[in-house]
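*Asks:* Here's a structure for you.
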Amino acid sequence: MSSFHWDWGFAWAILPELLRGLVVTVLATLLGSMVAFLLGMVWTFVRVLRIPFLTPFVSFFVEFIRGTPLLIQLYFLYYVLPTWGLTISALPTGIFGLGLFYSAYAAEIFRAGIEDLPAGQWEAALTLGLPVRRVWLGIILPQAIRSVVPILGNVVISMFKQSSLLSTITVFELLAAGLNIGSVNYRYVEPLTLVGALYFAISFLSARIVRSLEAKHAFAD
């Protein structure tokens with residue numbers, strides 16, 4: 001039976017490649033978050049405004065996205081769409097896949113933030129004769145978004161951890177870098193341990209930031 005052996009020299013040697021993979025992971029998370037929040041806001045507007053025919057479709061779409069695994073969605077975007085003539089490289093596909101998946105969750109968060117606002121604010125703003133667009137952009141959305149920022153932070157953390165699934169569609173992110181190092185050198189202990197440590201470190205620091213935001217929001221209330 002082989003014994004566990006940790007080689008610090010090997011660990012330090014592979015760290016730069018793992019950090020390059022981490023950069024891709026962080027980039028995919030940040031850009032995916034932007035896509036998620038933008039699409040989530042669109043889904044929220046359509047559902048709140050109750051547009052005939054479109055609102056039921058968007059509501060079903062949001063539930064469908066939430067009810068199916070992210071991995072299947074990534075496979076569909078990367079392996080199925082090309083058979084229909086739509087081919088996109090791995091990283092943009094992964095970013096869009098992450099954004100699309102988490103847009104469904106962002107939509108629910110935005111809607112909860114909007115519905116949590118006092119109805120009297122709508123009535124007061126409309127009584128003053130303010131345009132609906134100004135009411136949305138100047139009064140409703142700033143308050144709603146501020147109240148759900150900590151929850152959106154948790155979405156970003158979840159997306160960061162789930163970004164490891166991008167390795168299944170050939171994106172060379174953090175986990176893919178670790179697996180590649182392990183397969184080339186026939187050593188998986190150091191690369192996968194470091195991969196786990198990097199995921200934990202980033203997630204832990206991000207969670208501390210989110211908790212700080214939650215505390216500030218609670219104090220402001």
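Order determines the names: the first chain of the structure tokens is A, the second B, and so forth; residues in each chain are numbered 1 upward, and ligands are numbered 1 upward as they are shown.
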Please provide the set of residues having any atom within 7 Å of Ile157 (chain A), restricted to only C-alpha atoms, with same-chain residues fewer than 3 positions apart removed, written as number ranges by chain.
*Replies:* A: 153-154, 160-161, 203, 206
*Asks:* For the selection just defined, write its residues with N, CA and C atoms to a file, as a PDB file, in the first residue's frame.
*Replies:*
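And here is the file that came out, selection_36.pdb:
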```
ATOM      1  N   GLY A 153     -24.931  38.767  -3.371  1.00  0.00           N
ATOM      2  CA  GLY A 153     -23.559  38.358  -3.073  1.00  0.00           C
ATOM      3  C   GLY A 153     -23.452  36.852  -2.883  1.00  0.00           C
ATOM      4  N   ASN A 154     -24.451  36.257  -2.230  1.00  0.00           N
ATOM      5  CA  ASN A 154     -24.460  34.805  -2.068  1.00  0.00           C
ATOM      6  C   ASN A 154     -24.618  34.096  -3.408  1.00  0.00           C
ATOM      7  N   PHE A 160     -19.424  31.129  -8.290  1.00  0.00           N
ATOM      8  CA  PHE A 160     -17.977  30.890  -8.271  1.00  0.00           C
ATOM      9  C   PHE A 160     -17.681  29.407  -8.059  1.00  0.00           C
ATOM     10  N   LYS A 161     -18.384  28.788  -7.111  1.00  0.00           N
ATOM     11  CA  LYS A 161     -18.140  27.369  -6.835  1.00  0.00           C
ATOM     12  C   LYS A 161     -18.669  26.484  -7.966  1.00  0.00           C
ATOM     13  N   SER A 203     -14.025  31.747  -1.514  1.00  0.00           N
ATOM     14  CA  SER A 203     -15.398  31.670  -1.014  1.00  0.00           C
ATOM     15  C   SER A 203     -15.500  32.223   0.400  1.00  0.00           C
ATOM     16  N   SER A 206     -15.163  36.020   0.347  1.00  0.00           N
ATOM     17  CA  SER A 206     -16.384  36.600  -0.233  1.00  0.00           C
ATOM     18  C   SER A 206     -17.542  36.528   0.757  1.00  0.00           C
TER      19      SER A 206
END
```
*Asks:* Using only C-alpha atoms, determine which residues lie at most 10 Å from region 28-39 of chain A, disregarding the query and same-chain residues fewer than 3 positions distant; provide the list as a count of residues only.
*Replies:* 41
*Asks:* Rounded to one decimal place, report the CA of Glu190 (chain A)-CA of Leu19 (chain A) distance in Å.
*Replies:*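 Those two atoms sit 13.9 Å apart.
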*Asks:* Need the shell around Phe172 (chain A): protein/DNA/RNA residues with any atom at most 10 Å away, counting only C-alpha atoms. Skip same-chain ones fewer than 4 positions apart. Format as a PyMOL selection string?
*Replies:* chain A and resi 18+20-22+24-25+90-91+164+166-168+176-180
*Asks:* If we count only C-alpha atoms, what is near region 181-184 of chain A at a cut-off of 12 Å, once residues fewer than 5 positions away on the same chain are taken out, given as a PyMOL selection string?
*Replies:* chain A and resi 10-11+13-18+21+172+174-176+189-195
*Asks:* May I have the selected residues written with N, CA and C atoms, as an mmCIF file, in the first residue's frame?
*Replies:*
```cif
data_model
loop_
_atom_site.group_PDB
_atom_site.id
_atom_site.type_symbol
_atom_site.label_atom_id
_atom_site.label_comp_id
_atom_site.auth_asym_id
_atom_site.auth_seq_id
_atom_site.Cartn_x
_atom_site.Cartn_y
_atom_site.Cartn_z
ATOM 1 N N PHE A 10 6.784 20.204 -5.557
ATOM 2 C CA PHE A 10 5.836 20.018 -6.650
ATOM 3 C C PHE A 10 4.653 20.968 -6.499
ATOM 4 N N ALA A 11 4.199 21.140 -5.252
ATOM 5 C CA ALA A 11 3.060 22.028 -5.001
ATOM 6 C C ALA A 11 3.375 23.467 -5.421
ATOM 7 N N ALA A 13 5.616 24.387 -7.551
ATOM 8 C CA ALA A 13 5.887 24.430 -8.994
ATOM 9 C C ALA A 13 4.599 24.521 -9.810
ATOM 10 N N ILE A 14 3.521 23.892 -9.317
ATOM 11 C CA ILE A 14 2.281 23.886 -10.088
ATOM 12 C C ILE A 14 1.358 25.054 -9.741
ATOM 13 N N LEU A 15 1.708 25.796 -8.695
ATOM 14 C CA LEU A 15 0.829 26.885 -8.251
ATOM 15 C C LEU A 15 0.579 27.938 -9.335
ATOM 16 N N PRO A 16 1.602 28.369 -10.100
ATOM 17 C CA PRO A 16 1.332 29.380 -11.138
ATOM 18 C C PRO A 16 0.286 28.927 -12.160
ATOM 19 N N GLU A 17 0.322 27.663 -12.563
ATOM 20 C CA GLU A 17 -0.675 27.169 -13.525
ATOM 21 C C GLU A 17 -2.062 27.152 -12.901
ATOM 22 N N LEU A 18 -2.131 26.788 -11.637
ATOM 23 C CA LEU A 18 -3.421 26.805 -10.955
ATOM 24 C C LEU A 18 -3.959 28.228 -10.837
ATOM 25 N N GLY A 21 -5.550 29.248 -13.959
ATOM 26 C CA GLY A 21 -6.898 28.699 -14.012
ATOM 27 C C GLY A 21 -7.857 29.470 -13.126
ATOM 28 N N PHE A 172 -10.671 25.917 -19.568
ATOM 29 C CA PHE A 172 -9.494 25.621 -18.748
ATOM 30 C C PHE A 172 -9.489 26.521 -17.516
ATOM 31 N N LEU A 174 -10.053 26.655 -13.032
ATOM 32 C CA LEU A 174 -9.240 26.164 -11.915
ATOM 33 C C LEU A 174 -9.265 24.647 -11.791
ATOM 34 N N LEU A 175 -10.445 24.048 -11.785
ATOM 35 C CA LEU A 175 -10.510 22.598 -11.635
ATOM 36 C C LEU A 175 -9.874 21.890 -12.829
ATOM 37 N N ALA A 176 -10.126 22.399 -14.038
ATOM 38 C CA ALA A 176 -9.526 21.788 -15.229
ATOM 39 C C ALA A 176 -8.005 21.840 -15.164
ATOM 40 N N VAL A 189 -2.828 14.462 -5.564
ATOM 41 C CA VAL A 189 -2.972 14.948 -4.193
ATOM 42 C C VAL A 189 -2.706 16.443 -4.121
ATOM 43 N N GLU A 190 -1.562 16.864 -4.594
ATOM 44 C CA GLU A 190 -1.200 18.287 -4.484
ATOM 45 C C GLU A 190 -2.113 19.192 -5.322
ATOM 46 N N PRO A 191 -2.325 18.896 -6.619
ATOM 47 C CA PRO A 191 -3.145 19.819 -7.411
ATOM 48 C C PRO A 191 -4.581 19.925 -6.925
ATOM 49 N N LEU A 192 -5.216 18.806 -6.592
ATOM 50 C CA LEU A 192 -6.615 18.876 -6.174
ATOM 51 C C LEU A 192 -6.750 19.473 -4.770
ATOM 52 N N THR A 193 -5.756 19.235 -3.923
ATOM 53 C CA THR A 193 -5.781 19.870 -2.595
ATOM 54 C C THR A 193 -5.659 21.378 -2.731
ATOM 55 N N LEU A 194 -4.749 21.825 -3.579
ATOM 56 C CA LEU A 194 -4.593 23.263 -3.794
ATOM 57 C C LEU A 194 -5.824 23.867 -4.459
ATOM 58 N N VAL A 195 -6.430 23.141 -5.378
ATOM 59 C CA VAL A 195 -7.666 23.622 -6.006
ATOM 60 C C VAL A 195 -8.740 23.839 -4.944
#
```
*Asks:* Kindly indicate which residue among A:Leu81, A:Thr87, A:Val26, A:Lys216 lies nearest to Tyr199 (chain A), using only C-alpha atoms for the distances.
*Replies:*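 Closest candidate: A:Val26.
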*Asks:* Quick one: of A:Arg50, A:Ile169, A:Ala201, A:Ile151, who's nearest to Leu213 (chain A), counting only C-alpha atoms?
*Replies:*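 Looking only at the distances to Leu213 (chain A), the closest residue turns out to be A:Ile151.
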*Asks:* One decimal, in Å: what's the spacing between CA of Arg146 (chain A) and CA of Thr55 (chain A)?
*Replies:*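 CA of Arg146 (chain A) sits 25.1 Å away from CA of Thr55 (chain A).
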*Asks:* Distance CA of Ser59 (chain A)-CA of Trp84 (chain A), one decimal place?
*Replies:*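 Atom-to-atom, CA of Ser59 (chain A) and CA of Trp84 (chain A) are spaced 25.6 Å apart.
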*Asks:* Could you find all residues in region 16-133 of chain A that DSSP calls helix (DSSP H, G or I) from the backbone, and write them as a PyMOL selection string?
*Replies:* chain A and resi 16-49+54-67+70-84+90-115+119-127+132-133
